[in-house]
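Trainee: mmCIF, C-alpha atoms, saved as start_16.cif, coming up:
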data_coords
#
loop_
_atom_site.label_atom_id
_atom_site.label_comp_id
_atom_site.auth_asym_id
_atom_site.auth_seq_id
_atom_site.Cartn_x
_atom_site.Cartn_y
_atom_site.Cartn_z
CA MET A 1 -29.84 -27.68 87.31
CA SER A 2 -27.92 -24.56 86.30
CA ASN A 3 -27.92 -22.60 83.12
CA GLY A 4 -25.40 -20.20 81.61
CA ASN A 5 -26.92 -17.18 83.29
CA GLU A 6 -26.69 -18.77 86.75
CA GLU A 7 -23.10 -19.75 86.14
CA ALA A 8 -22.28 -16.16 85.27
CA VAL A 9 -23.66 -14.94 88.58
CA ALA A 10 -21.08 -14.67 91.34
CA ILE A 11 -23.22 -13.23 94.14
CA GLN A 12 -26.99 -13.33 94.45
CA ALA A 13 -28.53 -11.79 97.56
CA SER A 14 -32.33 -12.05 97.68
CA ASN A 15 -34.63 -10.26 100.13
CA VAL A 16 -31.96 -10.25 102.80
CA VAL A 17 -33.11 -9.03 106.19
CA LYS A 18 -30.86 -8.61 109.20
CA VAL A 19 -32.27 -7.55 112.55
CA TYR A 20 -30.06 -7.05 115.60
CA ASP A 21 -31.43 -7.34 119.12
CA SER A 22 -35.02 -7.75 117.81
CA SER A 23 -35.26 -4.06 117.01
CA VAL A 24 -32.35 -2.76 114.93
CA HIS A 25 -33.14 -3.39 111.25
CA ALA A 26 -29.77 -3.25 109.51
CA LEU A 27 -31.08 -4.76 106.26
CA ASN A 28 -34.68 -4.60 105.09
CA GLY A 29 -34.95 -6.91 102.10
CA ALA A 30 -31.71 -6.12 100.29
CA ASN A 31 -31.29 -7.52 96.78
CA LEU A 32 -28.02 -7.61 94.95
CA THR A 33 -26.62 -9.51 91.97
CA LEU A 34 -23.01 -9.46 90.86
CA GLN A 35 -21.77 -11.10 87.69
CA ARG A 36 -18.47 -12.92 87.72
CA ARG A 37 -15.46 -10.58 87.44
CA GLU A 38 -17.66 -7.57 87.99
CA PHE A 39 -16.42 -4.69 90.11
CA VAL A 40 -19.30 -3.16 92.03
CA ALA A 41 -19.20 -0.32 94.50
CA LEU A 42 -21.80 -0.33 97.24
CA MET A 43 -22.52 3.23 98.28
CA GLY A 44 -24.61 4.83 100.93
CA PRO A 45 -24.46 6.83 104.12
CA SER A 46 -23.12 5.37 107.34
CA GLY A 47 -25.54 2.90 108.89
CA CYS A 48 -27.34 2.12 105.63
CA GLY A 49 -26.37 -1.56 105.82
CA LYS A 50 -23.36 -1.75 103.47
CA SER A 51 -21.05 -3.41 105.97
CA THR A 52 -23.77 -5.71 107.24
CA LEU A 53 -24.43 -6.96 103.71
CA LEU A 54 -20.71 -7.50 103.12
CA HIS A 55 -20.38 -9.42 106.36
CA LEU A 56 -23.32 -11.62 105.46
CA ILE A 57 -21.86 -12.33 102.02
CA ALA A 58 -18.58 -13.18 103.76
CA ALA A 59 -20.52 -15.61 105.98
CA LEU A 60 -19.28 -13.83 109.09
CA ASP A 61 -22.88 -13.60 110.21
CA THR A 62 -26.21 -15.08 109.18
CA PRO A 63 -29.23 -13.20 107.79
CA THR A 64 -32.44 -13.08 109.80
CA SER A 65 -34.27 -14.00 106.59
CA GLY A 66 -33.62 -14.11 102.88
CA ASN A 67 -30.83 -15.99 101.23
CA ILE A 68 -27.42 -15.40 99.73
CA VAL A 69 -25.94 -17.60 97.04
CA VAL A 70 -22.28 -17.23 96.14
CA ASN A 71 -20.85 -19.16 93.21
CA GLY A 72 -23.90 -21.41 93.37
CA ARG A 73 -23.45 -22.10 97.10
CA ASP A 74 -26.29 -21.22 99.44
CA LEU A 75 -24.65 -19.73 102.53
CA ARG A 76 -27.41 -21.07 104.76
CA ALA A 77 -25.77 -24.48 104.44
CA ALA A 78 -23.60 -25.33 107.42
CA GLY A 79 -19.82 -25.20 107.38
CA ASN A 80 -18.68 -21.90 105.89
CA ASP A 81 -15.07 -22.04 107.16
CA LYS A 82 -13.69 -23.35 103.88
CA TYR A 83 -15.84 -20.88 101.95
CA ARG A 84 -14.36 -17.99 103.94
CA ARG A 85 -10.87 -19.37 103.52
CA CYS A 86 -10.91 -20.21 99.83
CA GLU A 87 -13.72 -18.45 98.02
CA VAL A 88 -13.80 -14.97 99.50
CA GLY A 89 -11.08 -12.53 100.43
CA LEU A 90 -11.90 -9.86 103.00
CA VAL A 91 -10.41 -6.41 103.30
CA PHE A 92 -11.47 -4.32 106.29
CA GLN A 93 -11.21 -0.61 106.85
CA LEU A 94 -8.99 -1.14 109.88
CA HIS A 95 -6.94 -3.87 108.17
CA ASN A 96 -7.36 -6.39 111.00
CA LEU A 97 -3.81 -7.63 110.64
CA LEU A 98 -2.18 -9.49 113.50
CA PRO A 99 0.26 -6.99 115.04
CA HIS A 100 2.69 -9.55 116.46
CA LEU A 101 3.22 -11.32 113.13
CA ASN A 102 5.34 -9.87 110.35
CA ALA A 103 3.97 -9.11 106.89
CA LEU A 104 5.05 -12.45 105.46
CA GLU A 105 3.38 -14.36 108.30
CA ASN A 106 0.21 -12.28 108.10
CA VAL A 107 -0.21 -13.21 104.44
CA GLN A 108 0.19 -16.89 105.32
CA ILE A 109 -2.54 -16.90 108.00
CA PRO A 110 -5.29 -18.19 105.70
CA MET A 111 -2.96 -20.64 103.92
CA PHE A 112 -3.66 -23.93 105.61
CA SER A 113 -5.28 -27.06 104.35
CA ASN A 114 -4.87 -25.60 100.87
CA GLY A 115 -2.63 -28.38 99.60
CA MET A 116 0.50 -26.24 99.61
CA GLY A 117 3.76 -27.24 101.27
CA ARG A 118 5.53 -24.87 103.62
CA LYS A 119 7.98 -23.63 100.99
CA GLU A 120 5.17 -23.07 98.51
CA LYS A 121 3.25 -21.03 101.06
CA VAL A 122 6.25 -18.85 101.79
CA GLN A 123 6.85 -18.41 98.05
CA ARG A 124 3.20 -17.53 97.47
CA ALA A 125 3.33 -14.98 100.30
CA HIS A 126 6.50 -13.45 98.82
CA ASP A 127 4.85 -13.29 95.38
CA LEU A 128 1.83 -11.49 96.79
CA LEU A 129 3.95 -9.06 98.77
CA ARG A 130 5.96 -8.34 95.61
CA GLU A 131 2.74 -7.75 93.72
CA MET A 132 1.67 -5.27 96.40
CA ASP A 133 5.12 -3.66 96.33
CA LEU A 134 5.76 -4.77 99.89
CA GLU A 135 8.55 -7.27 99.32
CA ALA A 136 11.03 -5.06 101.16
CA LYS A 137 8.73 -4.96 104.19
CA ALA A 138 8.24 -8.72 104.47
CA LYS A 139 9.84 -8.94 107.91
CA MET A 140 8.14 -5.88 109.33
CA THR A 141 5.18 -6.10 111.68
CA PRO A 142 2.03 -4.06 110.89
CA PRO A 143 2.67 -1.37 113.52
CA ARG A 144 5.82 -0.44 111.60
CA LEU A 145 3.95 -0.02 108.29
CA SER A 146 2.09 3.04 107.04
CA GLY A 147 -1.71 2.97 106.68
CA GLY A 148 -1.48 2.44 102.93
CA GLU A 149 1.07 -0.34 103.35
CA ARG A 150 -1.12 -2.08 105.90
CA GLN A 151 -4.07 -1.95 103.57
CA ARG A 152 -1.98 -3.38 100.72
CA LEU A 153 -0.83 -6.08 103.10
CA ALA A 154 -4.48 -6.78 103.96
CA ILE A 155 -5.24 -7.13 100.24
CA ALA A 156 -2.31 -9.53 99.87
CA ARG A 157 -3.71 -11.62 102.72
CA ALA A 158 -7.17 -11.54 101.16
CA LEU A 159 -5.71 -12.97 97.94
CA ALA A 160 -3.69 -15.68 99.70
CA ASN A 161 -5.88 -18.57 98.64
CA SER A 162 -6.78 -17.14 95.22
CA PRO A 163 -10.41 -16.35 96.05
CA THR A 164 -12.93 -15.70 93.30
CA ILE A 165 -14.55 -12.89 95.29
CA LEU A 166 -12.98 -9.94 97.04
CA LEU A 167 -15.06 -8.04 99.57
CA ALA A 168 -13.75 -4.69 100.75
CA ASP A 169 -15.40 -2.74 103.53
CA GLU A 170 -14.39 0.94 103.37
CA PRO A 171 -10.84 -0.08 102.41
CA THR A 172 -9.72 3.51 101.89
CA GLY A 173 -11.54 5.01 104.85
CA SER A 174 -8.42 5.65 106.89
CA LEU A 175 -5.99 6.50 104.08
CA ASP A 176 -4.61 9.74 102.67
CA SER A 177 -5.36 10.59 99.02
CA GLU A 178 -2.07 9.23 97.67
CA ALA A 179 -2.57 5.93 99.44
CA VAL A 180 -6.20 5.84 98.26
CA ASP A 181 -5.10 6.10 94.62
CA ARG A 182 -2.56 3.37 95.10
CA VAL A 183 -5.04 1.02 96.74
CA LEU A 184 -7.68 1.69 94.09
CA ASP A 185 -5.17 1.05 91.35
CA LEU A 186 -4.37 -2.19 93.10
CA PHE A 187 -8.03 -3.23 93.12
CA ARG A 188 -8.24 -2.57 89.40
CA ARG A 189 -5.09 -4.58 88.79
CA VAL A 190 -6.26 -7.43 91.02
CA ARG A 191 -9.52 -7.63 89.12
CA GLN A 192 -7.68 -7.76 85.79
CA GLU A 193 -4.86 -10.10 86.76
CA HIS A 194 -6.67 -12.39 89.20
CA GLY A 195 -10.10 -12.23 87.54
CA VAL A 196 -11.88 -11.78 90.86
CA THR A 197 -15.33 -10.34 91.44
CA ILE A 198 -15.05 -7.26 93.66
CA LEU A 199 -17.69 -5.79 95.93
CA LEU A 200 -16.45 -2.65 97.61
CA ALA A 201 -18.42 -0.72 100.21
CA THR A 202 -17.72 2.99 100.43
CA HIS A 203 -19.38 6.31 101.01
CA ASP A 204 -16.78 8.10 98.89
CA ASN A 205 -17.85 8.99 95.32
CA TYR A 206 -14.26 9.12 94.16
CA VAL A 207 -13.57 5.60 95.38
CA ALA A 208 -16.82 4.30 93.91
CA SER A 209 -15.97 5.80 90.52
CA VAL A 210 -13.38 3.12 89.80
CA ALA A 211 -16.06 0.40 89.82
CA ASP A 212 -17.97 -0.92 86.79
CA ARG A 213 -21.23 -0.25 88.54
CA ILE A 214 -22.43 1.56 91.62
CA VAL A 215 -25.25 0.25 93.77
CA HIS A 216 -26.77 2.68 96.22
CA MET A 217 -28.20 1.69 99.55
CA LYS A 218 -30.40 3.51 102.02
CA ASP A 219 -32.07 2.24 105.17
CA GLY A 220 -31.05 -1.34 104.53
CA GLN A 221 -32.32 -1.51 100.97
CA MET A 222 -31.04 -0.89 97.48
CA VAL A 223 -32.26 2.32 95.92
CA GLU A 224 -32.37 3.21 92.25
CA THR A 225 -28.87 3.42 90.90
CA PRO A 226 -27.99 6.79 89.46
CA PRO A 227 -25.85 6.87 86.30
CA PRO A 228 -22.11 6.49 86.84
CA LYS A 229 -20.32 9.76 87.51
CA ARG A 230 -16.86 8.48 86.81
CA ALA A 231 -15.84 11.28 84.45
CA ALA A 232 -17.17 13.94 86.75
CA VAL A 233 -15.54 12.70 89.93
CA GLU A 234 -12.07 13.94 90.65
CA ARG A 235 -10.04 14.61 93.71
CA MET B 1 24.47 -36.43 178.30
CA THR B 2 21.59 -35.00 180.37
CA ILE B 3 18.00 -35.18 179.14
CA ASP B 4 15.09 -34.10 181.37
CA SER B 5 17.42 -33.92 184.38
CA ILE B 6 18.53 -37.52 183.88
CA THR B 7 22.17 -38.11 183.11
CA TYR B 8 23.06 -40.87 180.65
CA ASN B 9 26.43 -42.39 179.93
CA ILE B 10 27.10 -42.69 176.20
CA VAL B 11 28.65 -46.06 175.56
CA GLY B 12 28.69 -45.96 171.80
CA ILE B 13 27.51 -44.27 168.62
CA TYR B 14 25.86 -46.36 165.92
CA SER B 15 24.67 -45.89 162.37
CA VAL B 16 22.60 -48.41 160.43
CA GLY B 17 21.94 -46.22 157.37
CA ASN B 18 18.25 -45.86 158.16
CA PRO B 19 17.47 -42.24 159.07
CA PHE B 20 14.59 -43.31 161.30
CA ALA B 21 16.77 -45.62 163.33
CA ASP B 22 19.82 -43.39 163.16
CA SER B 23 17.94 -40.53 164.79
CA ALA B 24 17.05 -42.67 167.83
CA SER B 25 18.88 -43.64 171.02
CA MET B 26 19.26 -47.17 172.37
CA LEU B 27 18.61 -47.74 176.08
CA PRO B 28 18.50 -50.90 178.21
CA LEU B 29 15.02 -52.34 177.72
CA SER B 30 14.23 -53.10 181.37
CA TRP B 31 15.38 -49.65 182.49
CA LEU B 32 13.26 -47.92 179.82
CA GLN B 33 10.19 -50.05 180.58
CA GLY B 34 10.53 -49.14 184.24
CA ARG B 35 10.96 -45.44 183.53
CA GLU B 36 7.93 -45.35 181.21
CA ARG B 37 5.92 -47.58 183.58
CA LEU B 38 5.32 -50.01 180.73
CA SER B 39 6.73 -53.10 182.27
CA GLY B 40 6.86 -55.93 179.78
CA ASP B 41 5.80 -53.71 176.87
CA VAL B 42 7.83 -53.71 173.63
CA THR B 43 6.76 -51.33 170.89
CA LEU B 44 9.57 -51.71 168.41
CA ILE B 45 11.84 -54.61 167.56
CA PHE B 46 14.66 -54.42 165.05
CA VAL B 47 15.30 -57.69 163.22
CA LYS B 48 18.75 -58.26 161.79
CA THR B 49 18.81 -60.72 158.92
CA THR B 50 21.62 -62.61 157.30
CA THR B 51 22.61 -61.97 153.72
CA GLY B 52 20.28 -63.68 151.26
CA THR B 53 17.26 -63.75 153.55
CA ASP B 54 13.91 -63.41 151.76
CA ILE B 55 12.69 -60.30 153.59
CA ALA B 56 9.14 -60.50 152.22
CA ALA B 57 8.78 -64.13 153.27
CA LEU B 58 10.19 -63.34 156.70
CA ARG B 59 7.79 -60.46 157.23
CA SER B 60 4.90 -62.60 156.11
CA GLN B 61 5.93 -65.34 158.52
CA ILE B 62 6.27 -62.94 161.48
CA GLU B 63 2.86 -61.37 160.84
CA GLN B 64 1.29 -64.83 160.44
CA ASP B 65 2.81 -66.13 163.69
CA HIS B 66 2.15 -62.90 165.63
CA PRO B 67 -0.97 -61.17 164.26
CA GLU B 68 -0.51 -58.41 166.85
CA ILE B 69 2.76 -57.40 165.17
CA ALA B 70 3.06 -55.30 162.01
CA THR B 71 6.36 -55.40 160.14
CA VAL B 72 7.96 -52.52 158.31
CA GLN B 73 11.01 -52.49 156.12
CA THR B 74 11.39 -48.80 155.28
CA ALA B 75 10.67 -45.60 157.14
CA SER B 76 7.88 -44.76 154.70
CA GLU B 77 6.03 -47.90 155.84
CA PHE B 78 5.69 -46.69 159.40
CA GLY B 79 2.21 -45.50 158.50
CA ARG B 80 1.16 -49.14 158.89
CA ILE B 81 1.74 -48.95 162.62
CA ASP B 82 1.55 -45.25 163.36
CA ARG B 83 -1.80 -43.65 162.58
CA ASN B 84 -0.25 -40.18 162.89
CA LEU B 85 1.99 -40.94 159.95
CA SER B 86 -1.04 -42.05 157.97
CA LEU B 87 -2.75 -38.77 158.79
CA ILE B 88 0.34 -36.82 157.79
CA SER B 89 0.47 -38.76 154.56
CA ALA B 90 -3.21 -38.07 153.89
CA ALA B 91 -2.73 -34.38 154.65
CA ASP B 92 0.25 -34.35 152.33
CA MET B 93 -1.89 -35.86 149.59
CA GLY B 94 -4.67 -33.35 150.29
CA VAL B 95 -2.27 -30.42 150.01
CA SER B 96 -0.91 -31.84 146.75
CA VAL B 97 -4.40 -32.23 145.28
CA LEU B 98 -5.29 -28.70 146.41
CA ALA B 99 -2.10 -27.36 144.84
CA LEU B 100 -2.93 -29.14 141.57
CA PHE B 101 -6.46 -27.78 141.63
CA MET B 102 -5.19 -24.26 142.26
CA GLY B 103 -2.67 -24.74 139.47
CA ALA B 104 -5.42 -25.77 137.08
CA VAL B 105 -7.52 -22.77 138.14
CA GLY B 106 -4.47 -20.56 137.62
CA VAL B 107 -3.97 -21.93 134.11
CA MET B 108 -7.67 -21.40 133.37
CA ASN B 109 -7.64 -17.87 134.71
CA THR B 110 -4.52 -16.89 132.79
CA THR B 111 -5.74 -18.47 129.57
CA LEU B 112 -9.17 -16.87 129.96
CA MET B 113 -7.58 -13.46 130.32
CA SER B 114 -5.45 -14.13 127.27
CA VAL B 115 -8.50 -15.29 125.29
CA PHE B 116 -10.38 -12.16 126.33
CA GLU B 117 -7.52 -9.89 125.29
CA ARG B 118 -7.13 -11.70 121.97
CA THR B 119 -10.82 -11.78 121.10
CA ARG B 120 -10.34 -9.57 118.05
CA GLU B 121 -7.42 -11.71 116.86
CA PHE B 122 -9.62 -14.80 117.06
CA GLY B 123 -12.29 -12.93 115.11
CA VAL B 124 -9.75 -12.22 112.37
CA LEU B 125 -8.67 -15.84 112.29
CA ARG B 126 -12.29 -17.00 112.02
CA ALA B 127 -12.88 -14.38 109.32
CA VAL B 128 -10.08 -15.75 107.17
CA GLY B 129 -11.40 -19.28 107.46
CA TRP B 130 -10.00 -20.83 110.60
CA SER B 131 -12.39 -23.44 111.91
CA ARG B 132 -13.52 -23.64 115.54
CA GLY B 133 -11.51 -26.83 115.96
CA ARG B 134 -8.33 -25.28 114.61
CA LEU B 135 -8.71 -22.29 116.90
CA MET B 136 -9.29 -24.57 119.88
CA ILE B 137 -6.22 -26.62 119.04
CA MET B 138 -4.14 -23.44 118.76
CA VAL B 139 -5.22 -22.17 122.20
CA MET B 140 -4.69 -25.58 123.80
CA GLY B 141 -1.36 -26.02 122.05
CA GLU B 142 -0.12 -22.67 123.32
CA ALA B 143 -1.18 -23.54 126.88
CA LEU B 144 0.53 -26.93 126.70
CA VAL B 145 3.77 -25.42 125.40
CA ILE B 146 3.72 -22.89 128.26
CA ALA B 147 2.96 -25.72 130.70
CA LEU B 148 5.91 -27.77 129.41
CA ALA B 149 8.21 -24.77 129.69
CA GLY B 150 6.86 -24.21 133.21
CA ALA B 151 7.48 -27.85 134.07
CA VAL B 152 11.11 -27.62 132.94
CA VAL B 153 11.70 -24.38 134.88
CA GLY B 154 9.77 -25.76 137.89
CA THR B 155 11.84 -28.94 137.90
CA GLY B 156 15.03 -26.89 137.95
CA LEU B 157 13.77 -24.66 140.74
CA GLY B 158 12.54 -27.70 142.67
CA PHE B 159 15.96 -29.33 142.39
CA VAL B 160 17.65 -26.19 143.69
CA ALA B 161 15.10 -25.94 146.55
CA ILE B 162 15.78 -29.55 147.54
CA GLN B 163 19.52 -28.89 147.64
CA VAL B 164 18.88 -25.94 149.98
CA ILE B 165 16.42 -27.83 152.20
CA LYS B 166 18.87 -30.72 152.50
CA GLN B 167 21.28 -28.40 154.25
CA LEU B 168 18.80 -27.37 156.97
CA PRO B 169 19.86 -28.83 160.36
CA GLN B 170 16.25 -29.79 161.13
CA VAL B 171 16.11 -32.29 158.27
CA VAL B 172 19.66 -33.53 158.06
CA GLY B 173 19.54 -37.28 158.31
CA PHE B 174 15.80 -37.50 157.53
CA PHE B 175 15.81 -36.10 154.05
CA HIS B 176 17.36 -38.27 151.39
CA PRO B 177 15.84 -37.27 148.04
CA VAL B 178 16.16 -39.61 145.13
CA TYR B 179 15.53 -38.69 141.52
CA PRO B 180 14.21 -41.68 139.58
CA ALA B 181 13.09 -41.06 136.00
CA SER B 182 9.52 -41.82 137.05
CA VAL B 183 9.45 -38.67 139.22
CA PHE B 184 10.24 -36.51 136.21
CA GLY B 185 7.70 -38.42 134.16
CA GLN B 186 5.06 -37.81 136.83
CA ALA B 187 5.94 -34.10 137.02
CA LEU B 188 5.62 -33.80 133.25
CA GLY B 189 2.35 -35.70 133.27
CA VAL B 190 0.94 -33.55 136.07
CA ALA B 191 1.98 -30.31 134.33
CA VAL B 192 0.47 -31.36 131.00
CA GLY B 193 -2.66 -32.78 132.63
CA MET B 194 -3.16 -29.66 134.72
CA ALA B 195 -2.74 -27.43 131.67
CA PHE B 196 -5.12 -29.63 129.68
CA PHE B 197 -7.92 -29.44 132.23
CA GLY B 198 -7.30 -25.74 132.88
CA VAL B 199 -7.41 -24.77 129.21
CA ILE B 200 -10.47 -26.70 128.05
CA TYR B 201 -12.96 -24.00 129.01
CA PRO B 202 -10.97 -20.99 127.68
CA ALA B 203 -10.22 -22.84 124.44
CA ALA B 204 -13.88 -23.75 123.98
CA ARG B 205 -14.85 -20.16 124.73
CA ALA B 206 -12.43 -18.91 122.07
CA ALA B 207 -13.69 -21.44 119.55
CA LEU B 208 -17.34 -20.58 120.13
CA LEU B 209 -16.87 -16.86 119.53
CA LYS B 210 -18.97 -15.58 116.67
CA PRO B 211 -16.67 -14.00 114.07
CA MET B 212 -18.52 -10.69 113.82
CA GLU B 213 -18.88 -10.28 117.57
CA ALA B 214 -15.20 -11.03 117.99
CA LEU B 215 -14.23 -8.52 115.28
CA ARG B 216 -16.28 -5.81 116.98
CA HIS B 217 -14.54 -6.46 120.29
CA GLU B 218 -12.53 -3.45 121.47
#
Would you mind writing the file's structure down as structure tokens?
Mentor:
Amino acid sequence: MSNGNEEAVAIQASNVVKVYDSSVHALNGANLTLQRREFVALMGPSGCGKSTLLHLIAALDTPTSGNIVVNGRDLRAAGNDKYRRCEVGLVFQLHNLLPHLNALENVQIPMFSNGMGRKEKVQRAHDLLREMDLEAKAKMTPPRLSGGERQRLAIARALANSPTILLADEPTGSLDSEAVDRVLDLFRRVRQEHGVTILLATHDNYVASVADRIVHMKDGQMVETPPPKRAAVER
Amino acid sequence: MTIDSITYNIVGIYSVGNPFADSASMLPLSWLQGRERLSGDVTLIFVKTTTGTDIAALRSQIEQDHPEIATVQTASEFGRIDRNLSLISAADMGVSVLALFMGAVGVMNTTLMSVFERTREFGVLRAVGWSRGRLMIMVMGEALVIALAGAVVGTGLGFVAIQVIKQLPQVVGFFHPVYPASVFGQALGVAVGMAFFGVIYPAARAALLKPMEALRHE
């Protein structure tokens, strides 16, 4: 039985442990709660477990122990393909676009079994590219796009099936400052216009400053969150 | 004409339309039996029938009346009486099976290499929600399309090769290729079947990749 508070929770990670090769402890009892439509930045040094936690929330991997509930769904339950396709959108640092497909086709990759006809899918992909200011590059393949354009294309793909949660793993890590601002502005806009919950992993204070809340991680655990430094952070 | 120091007088040239018979020479039976020291032996008898004769019934009757005689109607049936032809036929079949097996291994090897090179791509597809089944169908579908294209190109090349072989003096008269639709159907079936068996393992391997491991693949 659920109550109002549970319904307002988008992501609930409880005591999540992830151990690789029986000895590498990537997560040591991580706890994280995100409310719906919240924009949270996950900060910490390299190797602190940010990416691992994101990957577990995206159901790309399974925790060694602990549990993760997203939109009321326990990810330990089998069959997470549809969850990955429809409920979460993933943005990686290195884009992970398919180089032999053009921008329009890349956006359509997740759009199957979503009830849309072919024309609708193409239209949806065009709409997303327009939203990301990439309409003119629809026929271009990723190698012909700049880093910022590729990342915007990756965001468009992540939004293809209108997910409720957007997970971004160091999305600005390989971008110049101008492209970073553009991508961050896009995240803000996506949150407002699409009403998605955003969890963004970064080690950059400037990038984290655009979030509603910053959660710090160290050695696979959450550490006490310092007060937001949004006003103080500038580039 | 002189063969093996024996001079023969050619009294006529015949053609019955059967390459096996047309490549032979006719000699007086008694003379040939004497030369081969096989007096009284007959190893081959041609039977000429009248129009409308039931060949199958005639053959059945001959073999029933003379159990020591085997009848053949076409050159390809000579295996019934000549064990060497049976062996050649078996060897031919063995080579064909080996070629098919090697083809299937080739398909598997090529597809495995492709799967290995595209590991990261499969990781991305799994990350955006593609199921194992869908991924497997994609890999198998690609292999089957390539196999069909290969079958079409192979059929064309085979046709050209046959036209060339037909012109070789060694096979003129023996080699009369026919192209019934069933041959093309069999070629298509073999190509698709070979691709199917060759791609099962690579496709399963692609489908069983764990998304994170695939995404980390360099």
Trainee: Using only C-alpha atoms, determine which residues of chain B fall within 10 Å of chain A; present them as a list in words.
Mentor: Arg120, Glu121, Phe122, Gly123, Val124, Leu125, Arg126, Ala127, Val128, Gly129, Trp130, Ser131, Arg132, Lys210, Pro211, Met212, Glu213 and Leu215 of chain B
Trainee: Pick the closest to Pro163 of chain A from A:Val190, A:Met132, A:Val9, A:Leu32: which is it, counting all atoms listed in the file?
Mentor: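 Of A:Val190, A:Met132, A:Val9, A:Leu32, the one nearest Pro163 of chain A, counting all atoms listed in the file, is A:Val190.
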Trainee: Would you work out the distance separating atom CA of Asn15 of chain A from atom CA of Asn67 of chain A, expressed in Å to one decimal?
Mentor: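 Taking atom CA of Asn15 of chain A and atom CA of Asn67 of chain A, their separation equals 7.0 Å.
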Trainee: Carefully work through the PyMOL selection byres ((chain A and resi 107) around 9) for this structure and note down the residues it includes, as a list in words.
Mentor: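 Against this file, the PyMOL selection byres ((chain A and resi 107) around 9) returns the residues Asn102, Ala103, Leu104, Glu105, Asn106, Gln108, Ile109, Pro110, Met111, Val122, Arg124, Ala125, His126, Leu128, Leu129, Leu153, Ala154, Ile155, Ala156, Arg157, Ala158, Leu159 and Ala160 of chain A.
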Trainee: Convert the current residue selection to file output with C-alpha atoms, as an mmCIF file, in the frame of the given file.
Mentor:
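Everything below was put into out-v1.cif:
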data_model
loop_
_atom_site.group_PDB
_atom_site.id
_atom_site.type_symbol
_atom_site.label_atom_id
_atom_site.label_comp_id
_atom_site.auth_asym_id
_atom_site.auth_seq_id
_atom_site.Cartn_x
_atom_site.Cartn_y
_atom_site.Cartn_z
ATOM 1 C CA ASN A 102 5.340 -9.870 110.350
ATOM 2 C CA ALA A 103 3.970 -9.110 106.890
ATOM 3 C CA LEU A 104 5.050 -12.450 105.460
ATOM 4 C CA GLU A 105 3.380 -14.360 108.300
ATOM 5 C CA ASN A 106 0.210 -12.280 108.100
ATOM 6 C CA GLN A 108 0.190 -16.890 105.320
ATOM 7 C CA ILE A 109 -2.540 -16.900 108.000
ATOM 8 C CA PRO A 110 -5.290 -18.190 105.700
ATOM 9 C CA MET A 111 -2.960 -20.640 103.920
ATOM 10 C CA VAL A 122 6.250 -18.850 101.790
ATOM 11 C CA ARG A 124 3.200 -17.530 97.470
ATOM 12 C CA ALA A 125 3.330 -14.980 100.300
ATOM 13 C CA HIS A 126 6.500 -13.450 98.820
ATOM 14 C CA LEU A 128 1.830 -11.490 96.790
ATOM 15 C CA LEU A 129 3.950 -9.060 98.770
ATOM 16 C CA LEU A 153 -0.830 -6.080 103.100
ATOM 17 C CA ALA A 154 -4.480 -6.780 103.960
ATOM 18 C CA ILE A 155 -5.240 -7.130 100.240
ATOM 19 C CA ALA A 156 -2.310 -9.530 99.870
ATOM 20 C CA ARG A 157 -3.710 -11.620 102.720
ATOM 21 C CA ALA A 158 -7.170 -11.540 101.160
ATOM 22 C CA LEU A 159 -5.710 -12.970 97.940
ATOM 23 C CA ALA A 160 -3.690 -15.680 99.700
#
Trainee: Write out as a list in words which residues come within 8 Å of Thr202 of chain A when counting all atoms listed in the file, dropping same-chain ones fewer than 4 positions away.
Mentor: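 Selected residues are Ala41, Leu42, Met43, Gly44, Lys50, Asp169, Glu170, Pro171, Gly173, Val207 and Ala208 of chain A.
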Trainee: Keeping C-alpha atoms, export the residues of the selection given above as a tab-separated table (two decimals), keeping the file's coordinate frame.
Mentor:
chain	number	residue	atom	x	y	z
A	41	ALA	CA	-19.20	-0.32	94.50
A	42	LEU	CA	-21.80	-0.33	97.24
A	43	MET	CA	-22.52	3.23	98.28
A	44	GLY	CA	-24.61	4.83	100.93
A	50	LYS	CA	-23.36	-1.75	103.47
A	169	ASP	CA	-15.40	-2.74	103.53
A	170	GLU	CA	-14.39	0.94	103.37
A	171	PRO	CA	-10.84	-0.08	102.41
A	173	GLY	CA	-11.54	5.01	104.85
A	207	VAL	CA	-13.57	5.60	95.38
A	208	ALA	CA	-16.82	4.30	93.91
Trainee: So what do you get for atom CA of Phe46 of chain B versus atom CA of Asn9 of chain B, distance-wise?
Mentor: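 For atom CA of Phe46 of chain B relative to atom CA of Asn9 of chain B, the distance reads 22.5 Å.
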Trainee: Separation of atom CA of Lys137 of chain A and atom CA of His100 of chain A, in Å?
Mentor: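 If I compute the distance from atom CA of Lys137 of chain A to atom CA of His100 of chain A, I get 14.4 Å.
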Trainee: Given the point (-2.7, -29.4, 132.8) in the coordinates of this file, which residues lie within 10 Å, counting only C-alpha atoms, and how would they look as a list of chain:residue names?
Mentor: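 Those within range, by chain then number, are B:Leu100, B:Phe101, B:Gly103, B:Ala104, B:Val105, B:Val107, B:Met108, B:Met140, B:Ala143, B:Leu144, B:Ala147, B:Leu148, B:Leu188, B:Gly189, B:Val190, B:Ala191, B:Val192, B:Gly193, B:Met194, B:Ala195, B:Phe196, B:Phe197, B:Gly198, B:Val199, B:Ile200.
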Trainee: Taking into account all atoms listed in the file, which residue in the set A:Thr141, A:Asn205, A:Gln35, A:Ser174 is nearest to Val70 of chain A?
Mentor: A:Gln35
Trainee: Here is a test: counting all atoms listed in the file, which residue of A:Val196, A:Leu94, A:Ala211, A:Ala26 is nearest to Ser46 of chain A?
Mentor: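 Among A:Val196, A:Leu94, A:Ala211, A:Ala26, it is A:Ala26 that comes nearest to Ser46 of chain A.
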